[in-house]
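To be precise, the following lines are upload.cif, and they hold mmCIF, N, CA and C atoms.
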data_target
loop_
_atom_site.label_atom_id
_atom_site.label_comp_id
_atom_site.auth_asym_id
_atom_site.auth_seq_id
_atom_site.Cartn_x
_atom_site.Cartn_y
_atom_site.Cartn_z
N MET A 1 -13.50 -17.13 25.03
CA MET A 1 -12.91 -16.70 26.27
C MET A 1 -11.57 -16.04 25.99
N VAL A 2 -11.32 -14.92 26.62
CA VAL A 2 -10.03 -14.25 26.51
C VAL A 2 -9.29 -14.52 27.81
N ALA A 3 -8.16 -15.20 27.71
CA ALA A 3 -7.45 -15.62 28.91
C ALA A 3 -6.76 -14.46 29.61
N HIS A 4 -6.17 -13.56 28.85
CA HIS A 4 -5.48 -12.42 29.46
C HIS A 4 -5.31 -11.33 28.43
N GLU A 5 -5.79 -10.19 28.73
CA GLU A 5 -5.61 -9.04 27.84
C GLU A 5 -5.34 -7.81 28.68
N HIS A 6 -4.35 -7.05 28.32
CA HIS A 6 -4.10 -5.76 28.92
C HIS A 6 -3.38 -4.92 27.88
N HIS A 7 -3.97 -3.81 27.53
CA HIS A 7 -3.40 -2.95 26.50
C HIS A 7 -3.43 -1.52 26.96
N SER A 8 -2.41 -0.79 26.64
CA SER A 8 -2.35 0.63 26.91
C SER A 8 -2.07 1.34 25.60
N PHE A 9 -2.84 2.38 25.33
CA PHE A 9 -2.70 3.13 24.10
C PHE A 9 -2.57 4.61 24.45
N PRO A 10 -1.75 5.35 23.71
CA PRO A 10 -1.64 6.78 23.99
C PRO A 10 -2.95 7.47 23.67
N ASP A 11 -3.30 8.45 24.48
CA ASP A 11 -4.50 9.25 24.24
C ASP A 11 -4.10 10.49 23.48
N ASP A 12 -4.23 10.43 22.16
CA ASP A 12 -3.84 11.54 21.31
C ASP A 12 -4.97 12.55 21.11
N ASN A 13 -6.15 12.26 21.69
CA ASN A 13 -7.31 13.11 21.46
C ASN A 13 -7.45 14.24 22.47
N GLY A 14 -6.78 14.16 23.60
CA GLY A 14 -6.88 15.18 24.62
C GLY A 14 -8.27 15.26 25.23
N ALA A 15 -9.02 14.18 25.24
CA ALA A 15 -10.39 14.19 25.75
C ALA A 15 -10.42 14.30 27.27
N ASP A 16 -11.20 15.23 27.77
CA ASP A 16 -11.41 15.36 29.21
C ASP A 16 -12.76 14.79 29.61
N ASP A 17 -13.56 14.41 28.65
CA ASP A 17 -14.91 13.93 28.89
C ASP A 17 -14.87 12.46 29.29
N ARG A 18 -15.18 12.18 30.56
CA ARG A 18 -15.11 10.81 31.07
C ARG A 18 -16.03 9.86 30.29
N GLU A 19 -17.25 10.32 29.98
CA GLU A 19 -18.19 9.45 29.25
C GLU A 19 -17.67 9.13 27.85
N ALA A 20 -17.12 10.12 27.17
CA ALA A 20 -16.57 9.89 25.83
C ALA A 20 -15.38 8.95 25.92
N SER A 21 -14.55 9.12 26.92
CA SER A 21 -13.39 8.24 27.10
C SER A 21 -13.83 6.81 27.37
N GLU A 22 -14.84 6.65 28.22
CA GLU A 22 -15.33 5.30 28.52
C GLU A 22 -15.91 4.64 27.27
N ARG A 23 -16.66 5.40 26.48
CA ARG A 23 -17.20 4.85 25.23
C ARG A 23 -16.08 4.41 24.30
N ALA A 24 -15.03 5.22 24.21
CA ALA A 24 -13.91 4.88 23.33
C ALA A 24 -13.23 3.59 23.78
N VAL A 25 -13.02 3.43 25.09
CA VAL A 25 -12.39 2.22 25.61
C VAL A 25 -13.29 1.02 25.39
N ARG A 26 -14.58 1.17 25.65
CA ARG A 26 -15.51 0.06 25.44
C ARG A 26 -15.57 -0.34 23.96
N THR A 27 -15.53 0.63 23.07
CA THR A 27 -15.53 0.35 21.64
C THR A 27 -14.26 -0.39 21.24
N LEU A 28 -13.12 0.06 21.75
CA LEU A 28 -11.85 -0.61 21.48
C LEU A 28 -11.89 -2.05 21.95
N HIS A 29 -12.38 -2.28 23.17
CA HIS A 29 -12.46 -3.65 23.70
C HIS A 29 -13.43 -4.50 22.90
N ARG A 30 -14.58 -3.96 22.52
CA ARG A 30 -15.54 -4.72 21.73
C ARG A 30 -14.92 -5.14 20.40
N ARG A 31 -14.23 -4.21 19.74
CA ARG A 31 -13.57 -4.54 18.47
C ARG A 31 -12.49 -5.60 18.68
N TRP A 32 -11.74 -5.49 19.80
CA TRP A 32 -10.68 -6.48 20.10
C TRP A 32 -11.30 -7.86 20.30
N PHE A 33 -12.40 -7.93 21.07
CA PHE A 33 -13.05 -9.22 21.33
C PHE A 33 -13.59 -9.82 20.04
N GLU A 34 -14.21 -8.98 19.21
CA GLU A 34 -14.75 -9.47 17.93
C GLU A 34 -13.63 -9.97 17.02
N ALA A 35 -12.53 -9.23 16.95
CA ALA A 35 -11.40 -9.65 16.10
C ALA A 35 -10.77 -10.93 16.64
N THR A 36 -10.69 -11.06 17.96
CA THR A 36 -10.15 -12.27 18.55
C THR A 36 -11.03 -13.47 18.21
N ALA A 37 -12.34 -13.32 18.38
CA ALA A 37 -13.27 -14.42 18.09
C ALA A 37 -13.19 -14.83 16.62
N ALA A 38 -12.98 -13.84 15.74
CA ALA A 38 -12.90 -14.11 14.31
C ALA A 38 -11.49 -14.50 13.86
N LYS A 39 -10.53 -14.49 14.81
CA LYS A 39 -9.12 -14.73 14.50
C LYS A 39 -8.66 -13.80 13.38
N ASP A 40 -9.04 -12.53 13.51
CA ASP A 40 -8.75 -11.49 12.52
C ASP A 40 -7.51 -10.72 12.97
N ILE A 41 -6.34 -11.14 12.51
CA ILE A 41 -5.10 -10.51 12.94
C ILE A 41 -5.04 -9.04 12.53
N GLU A 42 -5.58 -8.71 11.37
CA GLU A 42 -5.58 -7.31 10.93
C GLU A 42 -6.43 -6.45 11.86
N GLY A 43 -7.57 -6.98 12.28
CA GLY A 43 -8.42 -6.26 13.23
C GLY A 43 -7.76 -6.07 14.58
N LEU A 44 -7.01 -7.09 15.01
CA LEU A 44 -6.29 -6.99 16.28
C LEU A 44 -5.18 -5.96 16.20
N MET A 45 -4.50 -5.88 15.08
CA MET A 45 -3.34 -5.01 14.94
C MET A 45 -3.70 -3.56 14.62
N GLU A 46 -4.90 -3.32 14.15
CA GLU A 46 -5.29 -1.98 13.68
C GLU A 46 -5.01 -0.88 14.72
N PRO A 47 -5.35 -1.06 16.00
CA PRO A 47 -5.09 0.05 16.95
C PRO A 47 -3.69 0.04 17.57
N ILE A 48 -2.85 -0.89 17.18
CA ILE A 48 -1.54 -1.03 17.81
C ILE A 48 -0.54 -0.08 17.16
N ALA A 49 0.13 0.72 17.98
CA ALA A 49 1.11 1.70 17.49
C ALA A 49 2.34 1.01 16.91
N GLU A 50 2.96 1.64 15.93
CA GLU A 50 4.21 1.12 15.34
C GLU A 50 5.28 0.96 16.41
N THR A 51 5.25 1.80 17.43
CA THR A 51 6.30 1.81 18.46
C THR A 51 5.93 0.98 19.69
N VAL A 52 4.99 0.06 19.55
CA VAL A 52 4.53 -0.75 20.67
C VAL A 52 5.67 -1.59 21.26
N VAL A 53 5.61 -1.78 22.56
CA VAL A 53 6.48 -2.73 23.25
C VAL A 53 5.55 -3.66 24.02
N SER A 54 5.66 -4.96 23.76
CA SER A 54 4.80 -5.95 24.38
C SER A 54 5.62 -6.83 25.30
N TYR A 55 5.14 -7.03 26.52
CA TYR A 55 5.81 -7.88 27.49
C TYR A 55 4.99 -9.15 27.67
N GLU A 56 5.63 -10.29 27.42
CA GLU A 56 4.95 -11.58 27.46
C GLU A 56 5.44 -12.42 28.62
N HIS A 57 4.83 -13.59 28.77
CA HIS A 57 5.14 -14.49 29.88
C HIS A 57 6.24 -15.49 29.55
N GLU A 58 6.58 -15.62 28.28
CA GLU A 58 7.59 -16.57 27.84
C GLU A 58 8.71 -15.83 27.12
N GLN A 59 9.86 -16.48 26.98
CA GLN A 59 11.02 -15.89 26.30
C GLN A 59 10.76 -15.74 24.82
N PRO A 60 11.18 -14.69 24.16
CA PRO A 60 11.72 -13.51 24.83
C PRO A 60 10.60 -12.75 25.52
N LEU A 61 10.88 -12.11 26.60
CA LEU A 61 9.85 -11.42 27.37
C LEU A 61 9.41 -10.12 26.72
N GLU A 62 10.26 -9.53 25.90
CA GLU A 62 9.95 -8.23 25.29
C GLU A 62 9.90 -8.34 23.78
N TYR A 63 8.81 -7.83 23.20
CA TYR A 63 8.65 -7.76 21.75
C TYR A 63 8.52 -6.28 21.39
N VAL A 64 9.34 -5.82 20.46
CA VAL A 64 9.38 -4.40 20.11
C VAL A 64 8.89 -4.21 18.68
N GLY A 65 7.92 -3.34 18.51
CA GLY A 65 7.40 -2.99 17.19
C GLY A 65 6.25 -3.88 16.74
N ARG A 66 5.49 -3.34 15.77
CA ARG A 66 4.29 -4.03 15.27
C ARG A 66 4.58 -5.41 14.68
N ASP A 67 5.69 -5.55 13.97
CA ASP A 67 5.98 -6.84 13.32
C ASP A 67 6.16 -7.95 14.35
N GLN A 68 6.92 -7.68 15.41
CA GLN A 68 7.12 -8.69 16.44
C GLN A 68 5.82 -8.97 17.20
N VAL A 69 5.05 -7.93 17.48
CA VAL A 69 3.78 -8.11 18.19
C VAL A 69 2.80 -8.87 17.32
N ARG A 70 2.80 -8.60 16.02
CA ARG A 70 1.93 -9.33 15.10
C ARG A 70 2.24 -10.83 15.16
N GLU A 71 3.53 -11.18 15.20
CA GLU A 71 3.92 -12.59 15.27
C GLU A 71 3.40 -13.27 16.53
N VAL A 72 3.54 -12.61 17.68
CA VAL A 72 3.10 -13.22 18.93
C VAL A 72 1.57 -13.29 18.98
N CYS A 73 0.89 -12.28 18.43
CA CYS A 73 -0.58 -12.33 18.37
C CYS A 73 -1.05 -13.47 17.47
N ALA A 74 -0.44 -13.59 16.31
CA ALA A 74 -0.82 -14.66 15.38
C ALA A 74 -0.57 -16.01 16.01
N SER A 75 0.54 -16.15 16.71
CA SER A 75 0.84 -17.40 17.39
C SER A 75 -0.22 -17.72 18.44
N GLY A 76 -0.64 -16.71 19.19
CA GLY A 76 -1.68 -16.91 20.19
C GLY A 76 -3.00 -17.34 19.57
N LEU A 77 -3.35 -16.72 18.44
CA LEU A 77 -4.60 -17.09 17.75
C LEU A 77 -4.51 -18.50 17.20
N ASP A 78 -3.37 -18.85 16.63
CA ASP A 78 -3.20 -20.18 16.03
C ASP A 78 -3.17 -21.28 17.08
N GLY A 79 -2.61 -20.98 18.25
CA GLY A 79 -2.39 -22.02 19.24
C GLY A 79 -3.49 -22.21 20.25
N ALA A 80 -4.48 -21.36 20.25
CA ALA A 80 -5.50 -21.44 21.29
C ALA A 80 -6.90 -21.27 20.69
N PRO A 81 -7.48 -22.34 20.17
CA PRO A 81 -8.82 -22.22 19.59
C PRO A 81 -9.81 -21.72 20.64
N GLY A 82 -10.53 -20.66 20.27
CA GLY A 82 -11.54 -20.12 21.17
C GLY A 82 -11.02 -19.12 22.18
N CYS A 83 -9.71 -18.94 22.24
CA CYS A 83 -9.21 -17.91 23.15
C CYS A 83 -7.87 -17.40 22.63
N SER A 84 -7.47 -16.26 23.15
CA SER A 84 -6.21 -15.66 22.77
C SER A 84 -5.48 -15.15 23.99
N THR A 85 -4.19 -15.20 23.93
CA THR A 85 -3.37 -14.64 25.01
C THR A 85 -2.57 -13.48 24.44
N GLY A 86 -3.26 -12.48 23.92
CA GLY A 86 -2.62 -11.35 23.25
C GLY A 86 -1.60 -10.62 24.11
N PRO A 87 -0.94 -9.65 23.53
CA PRO A 87 0.18 -8.99 24.19
C PRO A 87 -0.25 -8.05 25.31
N ASN A 88 0.64 -7.85 26.24
CA ASN A 88 0.51 -6.81 27.24
C ASN A 88 1.24 -5.62 26.67
N ALA A 89 0.52 -4.75 26.00
CA ALA A 89 1.17 -3.74 25.17
C ALA A 89 1.25 -2.39 25.84
N VAL A 90 2.38 -1.76 25.66
CA VAL A 90 2.59 -0.40 26.16
C VAL A 90 3.21 0.39 25.02
N GLY A 91 2.57 1.49 24.59
CA GLY A 91 3.14 2.34 23.55
C GLY A 91 4.34 3.10 24.09
N ARG A 92 5.36 3.25 23.31
CA ARG A 92 6.55 4.01 23.70
C ARG A 92 6.53 5.36 23.09
#

What would the structure in this file look like if it were written as structure tokens?
Amino acid sequence: MVAHEHHSFPDDNGADDREASERAVRTLHRRWFEATAAKDIEGLMEPIAETVVSYEHEQPLEYVGRDQVREVCASGLDGAPGCSTGPNAVGR
């Protein structure tokens, strides 16, 4: 079970094709769910931009950059067997 996930990624492909865009988002989510279930931090971090800013529910509320987001993701994986409370990520 994934308790809360919301991620935003820049669209660097310039795709106007709605079906292709939907497939890309579904593929990203499937990979995220698989990596979460496997507690694969590298798989979770692979699509995350170096310039990510993550807003969490606990202090500190803002995590800036991949290293800080990796720490909060790893903490979520370690602390919640069977589920993750990954970051609410917004690329800058």

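From atom C of Pro47 of chain A back to atom C of Thr27 of chain A, the distance works out to 11.2 Å.
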
Translate the PyMOL selection byres (((chain A and resi 65-70 and name CA) around 9) and name CA) into a concrete residue list for this structure, as a list in words.
Ile41, Glu42, Leu44, Met45, Ile48, Ala49, Glu50, Thr51, Val52, Val53, Ser54, Tyr63, Val64, Glu71, Val72, Cys73, Ala74, Ser75, Gly86, Pro87 and Ala89 of chain A

Selection export as an mmCIF file, in the coordinates of the input, atoms kept: N, CA and C atoms:
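The resulting file, result_3.cif, is reproduced below:
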data_model
loop_
_atom_site.group_PDB
_atom_site.id
_atom_site.type_symbol
_atom_site.label_atom_id
_atom_site.label_comp_id
_atom_site.auth_asym_id
_atom_site.auth_seq_id
_atom_site.Cartn_x
_atom_site.Cartn_y
_atom_site.Cartn_z
ATOM 1 N N ILE A 41 -6.340 -11.140 12.510
ATOM 2 C CA ILE A 41 -5.100 -10.510 12.940
ATOM 3 C C ILE A 41 -5.040 -9.040 12.530
ATOM 4 N N GLU A 42 -5.580 -8.710 11.370
ATOM 5 C CA GLU A 42 -5.580 -7.310 10.930
ATOM 6 C C GLU A 42 -6.430 -6.450 11.860
ATOM 7 N N LEU A 44 -7.010 -7.090 15.010
ATOM 8 C CA LEU A 44 -6.290 -6.990 16.280
ATOM 9 C C LEU A 44 -5.180 -5.960 16.200
ATOM 10 N N MET A 45 -4.500 -5.880 15.080
ATOM 11 C CA MET A 45 -3.340 -5.010 14.940
ATOM 12 C C MET A 45 -3.700 -3.560 14.620
ATOM 13 N N ILE A 48 -2.850 -0.890 17.180
ATOM 14 C CA ILE A 48 -1.540 -1.030 17.810
ATOM 15 C C ILE A 48 -0.540 -0.080 17.160
ATOM 16 N N ALA A 49 0.130 0.720 17.980
ATOM 17 C CA ALA A 49 1.110 1.700 17.490
ATOM 18 C C ALA A 49 2.340 1.010 16.910
ATOM 19 N N GLU A 50 2.960 1.640 15.930
ATOM 20 C CA GLU A 50 4.210 1.120 15.340
ATOM 21 C C GLU A 50 5.280 0.960 16.410
ATOM 22 N N THR A 51 5.250 1.800 17.430
ATOM 23 C CA THR A 51 6.300 1.810 18.460
ATOM 24 C C THR A 51 5.930 0.980 19.690
ATOM 25 N N VAL A 52 4.990 0.060 19.550
ATOM 26 C CA VAL A 52 4.530 -0.750 20.670
ATOM 27 C C VAL A 52 5.670 -1.590 21.260
ATOM 28 N N VAL A 53 5.610 -1.780 22.560
ATOM 29 C CA VAL A 53 6.480 -2.730 23.250
ATOM 30 C C VAL A 53 5.550 -3.660 24.020
ATOM 31 N N SER A 54 5.660 -4.960 23.760
ATOM 32 C CA SER A 54 4.800 -5.950 24.380
ATOM 33 C C SER A 54 5.620 -6.830 25.300
ATOM 34 N N TYR A 63 8.810 -7.830 23.200
ATOM 35 C CA TYR A 63 8.650 -7.760 21.750
ATOM 36 C C TYR A 63 8.520 -6.280 21.390
ATOM 37 N N VAL A 64 9.340 -5.820 20.460
ATOM 38 C CA VAL A 64 9.380 -4.400 20.110
ATOM 39 C C VAL A 64 8.890 -4.210 18.680
ATOM 40 N N GLU A 71 3.530 -11.180 15.200
ATOM 41 C CA GLU A 71 3.920 -12.590 15.270
ATOM 42 C C GLU A 71 3.400 -13.270 16.530
ATOM 43 N N VAL A 72 3.540 -12.610 17.680
ATOM 44 C CA VAL A 72 3.100 -13.220 18.930
ATOM 45 C C VAL A 72 1.570 -13.290 18.980
ATOM 46 N N CYS A 73 0.890 -12.280 18.430
ATOM 47 C CA CYS A 73 -0.580 -12.330 18.370
ATOM 48 C C CYS A 73 -1.050 -13.470 17.470
ATOM 49 N N ALA A 74 -0.440 -13.590 16.310
ATOM 50 C CA ALA A 74 -0.820 -14.660 15.380
ATOM 51 C C ALA A 74 -0.570 -16.010 16.010
ATOM 52 N N SER A 75 0.540 -16.150 16.710
ATOM 53 C CA SER A 75 0.840 -17.400 17.390
ATOM 54 C C SER A 75 -0.220 -17.720 18.440
ATOM 55 N N GLY A 86 -3.260 -12.480 23.920
ATOM 56 C CA GLY A 86 -2.620 -11.350 23.250
ATOM 57 C C GLY A 86 -1.600 -10.620 24.110
ATOM 58 N N PRO A 87 -0.940 -9.650 23.530
ATOM 59 C CA PRO A 87 0.180 -8.990 24.190
ATOM 60 C C PRO A 87 -0.250 -8.050 25.310
ATOM 61 N N ALA A 89 0.520 -4.750 26.000
ATOM 62 C CA ALA A 89 1.170 -3.740 25.170
ATOM 63 C C ALA A 89 1.250 -2.390 25.840
#

Quick one: pull the distance between atom CA of Lys39 of chain A and atom CA of Leu77 of chain A, Å, one decimal.
6.0 Å

Quick one: distance from atom CA of Arg30 of chain A to atom CA of Glu58 of chain A in Å, one decimal?
26.7 Å
